[in-house]
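Listing of coords37.txt, compact mmCIF, C-alpha atoms
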```
# COMPACT_ATOMS: atom_id res chain seq x y z
CA MET J 1332 0.45 12.96 -11.76
CA THR J 1333 4.10 12.01 -11.82
CA SER J 1334 6.05 12.79 -8.71
CA SER J 1335 9.64 12.61 -7.60
CA PRO J 1336 11.13 9.21 -6.70
CA ALA J 1337 9.27 7.54 -3.90
CA PRO J 1338 10.33 8.01 -0.32
CA GLY J 1339 11.80 4.72 0.75
CA SER J 1340 13.65 4.27 -2.53
CA PRO J 1341 17.47 4.34 -2.51
CA GLY J 1342 18.77 7.62 -1.17
CA HIS J 1343 15.40 8.61 0.29
CA PRO J 1344 14.45 8.06 3.93
CA SER J 1345 11.24 6.25 4.81
CA PRO J 1346 8.32 8.65 4.88
CA ASP J 1347 6.96 9.85 8.17
CA PRO J 1348 3.28 9.18 8.93
CA ARG J 1349 2.34 12.79 8.09
CA ALA J 1350 3.88 12.43 4.62
CA LEU J 1351 1.97 9.20 4.08
CA ASP J 1352 -1.23 10.88 5.27
CA ARG J 1353 -0.73 13.74 2.78
CA ARG J 1354 -0.21 11.24 -0.04
CA LEU J 1355 -3.28 9.25 1.01
CA ASP J 1356 -5.37 12.43 1.30
CA ALA J 1357 -4.36 13.40 -2.26
CA LEU J 1358 -5.24 9.96 -3.59
CA ALA J 1359 -8.59 10.04 -1.76
CA ARG J 1360 -9.54 13.08 -3.83
CA GLN J 1361 -9.50 10.91 -6.95
CA PRO J 1362 -13.05 9.60 -7.58
CA PHE J 1363 -11.96 6.04 -8.42
CA ARG J 1364 -9.69 5.74 -5.37
CA ALA J 1365 -12.19 7.43 -3.01
CA ARG J 1366 -14.81 4.72 -3.48
CA PHE J 1367 -12.71 2.05 -1.75
CA ARG J 1368 -13.45 1.38 1.92
CA LEU J 1369 -12.58 -1.51 4.19
CA ARG J 1370 -15.90 -3.30 4.76
CA GLY J 1371 -17.39 -6.66 5.50
CA ARG J 1372 -15.11 -9.66 5.38
CA ASP J 1373 -12.06 -7.60 4.43
CA ARG J 1374 -12.50 -5.42 7.52
CA ALA J 1375 -13.15 -8.50 9.66
CA THR J 1376 -9.97 -10.09 8.32
CA ALA J 1377 -7.96 -7.00 9.29
CA GLU J 1378 -9.49 -7.01 12.78
CA LEU J 1379 -9.00 -10.74 13.29
CA LYS J 1380 -5.43 -10.96 11.96
CA GLY J 1381 -4.15 -7.69 13.40
CA PRO J 1382 -1.68 -5.19 11.95
CA ALA J 1383 1.47 -7.33 12.21
CA THR J 1384 -0.04 -10.25 10.30
CA VAL J 1385 -1.64 -7.98 7.70
CA ARG J 1386 1.77 -6.32 7.20
CA ARG J 1387 3.39 -9.73 6.66
CA HIS J 1388 0.68 -10.58 4.14
CA ALA J 1389 1.28 -7.26 2.39
CA TYR J 1390 5.02 -7.95 2.08
CA ASP J 1391 4.30 -11.39 0.63
CA LEU J 1392 1.66 -10.14 -1.82
CA ILE J 1393 3.80 -7.22 -3.00
CA ALA J 1394 6.87 -9.43 -3.44
CA ARG J 1395 4.94 -11.96 -5.53
CA ARG J 1396 2.48 -9.78 -7.45
CA LEU J 1397 4.04 -6.33 -7.84
CA ALA J 1398 7.80 -6.44 -7.30
CA PRO J 1399 8.84 -8.35 -10.45
CA ALA J 1400 10.02 -6.23 -13.39
CA GLU J 1401 7.12 -7.53 -15.46
CA PRO J 1402 4.41 -8.85 -13.12
CA HIS J 1403 2.10 -11.56 -14.47
CA LYS J 1404 -1.13 -9.94 -15.74
CA ASP J 1405 0.11 -6.46 -14.75
CA GLY J 1406 -2.85 -4.13 -14.50
CA ARG J 1407 -5.20 -7.02 -13.75
CA GLN J 1408 -3.32 -8.89 -11.03
CA THR J 1409 -4.99 -7.26 -8.02
CA PRO J 1410 -8.53 -8.37 -7.10
CA TYR J 1411 -10.92 -5.73 -5.81
CA ARG J 1412 -11.68 -7.67 -2.64
CA GLY J 1413 -10.78 -10.85 -0.81
CA HIS J 1414 -8.09 -9.41 1.47
CA PRO J 1415 -7.66 -5.97 3.09
CA VAL J 1416 -4.36 -5.53 1.23
CA PHE J 1417 -6.12 -5.83 -2.15
CA VAL J 1418 -8.65 -3.13 -1.25
CA ALA J 1419 -5.84 -0.92 0.05
CA GLN J 1420 -3.81 -1.40 -3.12
CA HIS J 1421 -6.60 0.04 -5.26
CA SER J 1422 -7.22 2.93 -2.87
CA THR J 1423 -3.53 3.81 -2.65
CA ALA J 1424 -2.59 3.35 -6.34
CA THR J 1425 -0.26 0.47 -5.51
CA CYS J 1426 -2.30 -2.07 -7.49
CA CYS J 1427 -0.12 -2.27 -10.63
CA ARG J 1428 3.15 -0.96 -12.00
CA SER J 1429 1.43 1.75 -14.09
CA CYS J 1430 -0.24 3.20 -10.99
CA LEU J 1431 3.00 2.95 -9.02
CA GLU J 1432 4.78 4.91 -11.72
CA ARG J 1433 2.06 7.52 -12.17
CA TRP J 1434 1.22 8.18 -8.51
CA HIS J 1435 4.38 7.23 -6.62
CA GLY J 1436 7.18 7.85 -9.14
CA ILE J 1437 8.42 4.25 -9.08
CA PRO J 1438 9.30 3.29 -12.67
CA LYS J 1439 8.07 0.12 -14.31
CA GLY J 1440 10.21 -2.30 -16.27
CA ARG J 1441 12.54 -3.22 -13.40
CA GLU J 1442 12.20 -5.10 -10.13
CA LEU J 1443 11.17 -3.10 -7.11
CA THR J 1444 14.06 -2.54 -4.75
CA ARG J 1445 13.71 -3.62 -1.13
CA PRO J 1446 13.24 0.00 0.07
CA GLU J 1447 10.54 0.50 -2.59
CA GLN J 1448 8.74 -2.63 -1.39
CA VAL J 1449 8.93 -1.34 2.19
CA TYR J 1450 7.51 2.01 1.02
CA VAL J 1451 4.59 0.32 -0.80
CA VAL J 1452 3.79 -1.79 2.27
CA ASP J 1453 3.99 1.32 4.49
CA VAL J 1454 1.48 3.10 2.23
CA ILE J 1455 -0.88 0.11 2.24
CA CYS J 1456 -0.67 -0.43 6.01
CA ARG J 1457 -1.14 3.26 6.72
CA TRP J 1458 -4.35 3.25 4.64
CA ILE J 1459 -5.60 0.15 6.47
CA ALA J 1460 -4.81 1.70 9.85
CA ARG J 1461 -6.74 4.84 8.90
CA GLU J 1462 -9.69 2.75 7.73
CA MET J 1463 -9.70 0.74 10.94
CA THR J 1464 -10.01 3.95 12.93
CA ASP J 1465 -12.61 5.42 10.56
CA GLY J 1466 -10.13 7.72 8.85
CA THR J 1467 -8.77 9.38 11.97
CA PHE J 1468 -5.53 7.75 12.93
CA SER J 1469 -4.42 9.09 16.27
CA GLY J 1470 -1.41 6.95 17.00
CA GLN J 1471 1.58 5.26 15.44
CA ASP J 1472 1.14 2.03 13.50
CA PRO J 1473 2.24 -0.60 16.04
CA CYS J 1474 4.17 -2.44 13.33
CA ARG J 1475 6.25 0.67 12.66
CA ALA J 1476 6.81 1.67 16.29
CA ASP J 1477 10.13 -0.18 16.21
CA PRO J 1478 12.34 1.50 13.57
CA ASP J 1479 14.24 -1.75 13.06
CA HIS J 1480 11.05 -3.75 12.47
CA GLU J 1481 11.00 -5.29 9.03
CA ILE J 1482 9.63 -8.53 7.72
CA SER J 1483 12.25 -10.44 5.75
```
Would you put the structure from the file into C-alpha cells?
Amino acid sequence: MTSSPAPGSPGHPSPDPRALDRRLDALARQPFRARFRLRGRDRATAELKGPATVRRHAYDLIARRLAPAEPHKDGRQTPYRGHPVFVAQHSTATCCRSCLERWHGIPKGRELTRPEQVYVVDVICRWIAREMTDGTFSGQDPCRADPDHEIS
C-alpha cells in the first residue's frame, strides 16, 4: 500500500490524533502488525519512564537507526523487543525504510527530513499511548499538548 507523502513531511502539517488513529487502525488490520502488543518489561519500561522520556528515546533511536539515507542493516536493525519503541516500530511499520516507504509514503535512499522524523515519532508515541490505555486513548498525548514541544 503506497500512500501520498507522509503528513509531517515538508509542505504537510503534522497529523492530528484522529488521522494517526486511522493510520494505526489500518495497520492493525495487517496480521503481522496486529500481533504486536506492549507487554512485560517493555510495558513496564513505558510506565516507569513516562511518555516524555519514551518520546526522547524514540527521537534518538529514529535519528540513529532509521533517519540515515542507508541505515546500517536496514530491514534488520530493529529488534522485536527490548524497548517499547522497538515494539511500536514493528506495529506501526516504522521499523525499516522499506516499511516507511510502503506504508507511510516516505521514500528510501535519502535522509529523513526533520518533519519526517517528527511524524515517525508521533506515530510511534501514539501507538504506545493507545497500548498504555488498552487501545482506547481518551485524551491528548501529554508530550504533544504543547504545539511547540519538540525534542532537539
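Nearest residue to His1421 in chain J, choosing from J:Leu1369, J:Ala1460, J:Val1385, J:Ala1375 and counting all atoms listed in the file: J:Leu1369.
Across J:Gln1408, J:Arg1386, J:Asp1373, J:Glu1442, the tightest approach to Cys1456 in chain J is made by J:Arg1386 when counting only C-alpha atoms.
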Residues of range 1440-1468 of chain J at most 6 Å from range 1393-1402 of chain J: nearest atom pair and distance in Å, only C-alpha atoms, as a Markdown table:
```
| residue | atom | partner | partner_atom | distance |
| --- | --- | --- | --- | --- |
| J:Gly1440 | CA | J:Ala1400 | CA | 4.9 |
| J:Arg1441 | CA | J:Ala1400 | CA | 3.9 |
| J:Glu1442 | CA | J:Ala1400 | CA | 4.1 |
| J:Leu1443 | CA | J:Ala1398 | CA | 4.7 |
```
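Here CA of Arg1428 in chain J and CA of Asp1347 in chain J stand 23.2 Å from one another.
If all atoms listed in the file are the atoms counted, then among J:Leu1392, J:Ala1424, J:Ala1359, J:Ala1365 the closest residue to Val1454 in chain J is J:Ala1424.
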For each of J:Lys1380, J:His1403, J:Arg1445, J:Arg1433, take the minimum atom-to-atom distance to Pro1415 in chain J, counting only C-alpha atoms, then give the residue where this is smallest. J:Lys1380
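Taking CA of Arg1349 in chain J as the reference point, CA of Val1449 in chain J is found at 16.7 Å.
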Atom pair CA of Met1463 in chain J / CA of Glu1378 in chain J: separation (Å): 8.0 Å
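Considering only C-alpha atoms, the residue among J:Arg1364, J:Ser1429, J:Val1418, J:Gly1371 positioned nearest to Ala1389 in chain J is J:Val1418.
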Selection near Leu1351 in chain J, 9 Å with only C-alpha atoms, sequence-local residues under 5 positions removed, as an MDAnalysis selection string: chainID J and resid 1346 1356 1453:1454 1457:1458
So, counting all atoms listed in the file, which residue among J:Cys1430, J:Ala1350, J:Gly1413, J:Val1452 is closest to Arg1374 in chain J? J:Gly1413
Please determine an axis-aligned box that encloses all atoms of range 1438-1444 of chain J listed in the file, with 4 Å added on each side, and express its centre and edge lengths in Å to one decimal as AutoDock Vina command-line options.
```
--center_x 11.1 --center_y -0.9 --center_z -10.5 --size_x 14.0 --size_y 16.4 --size_z 19.5
```
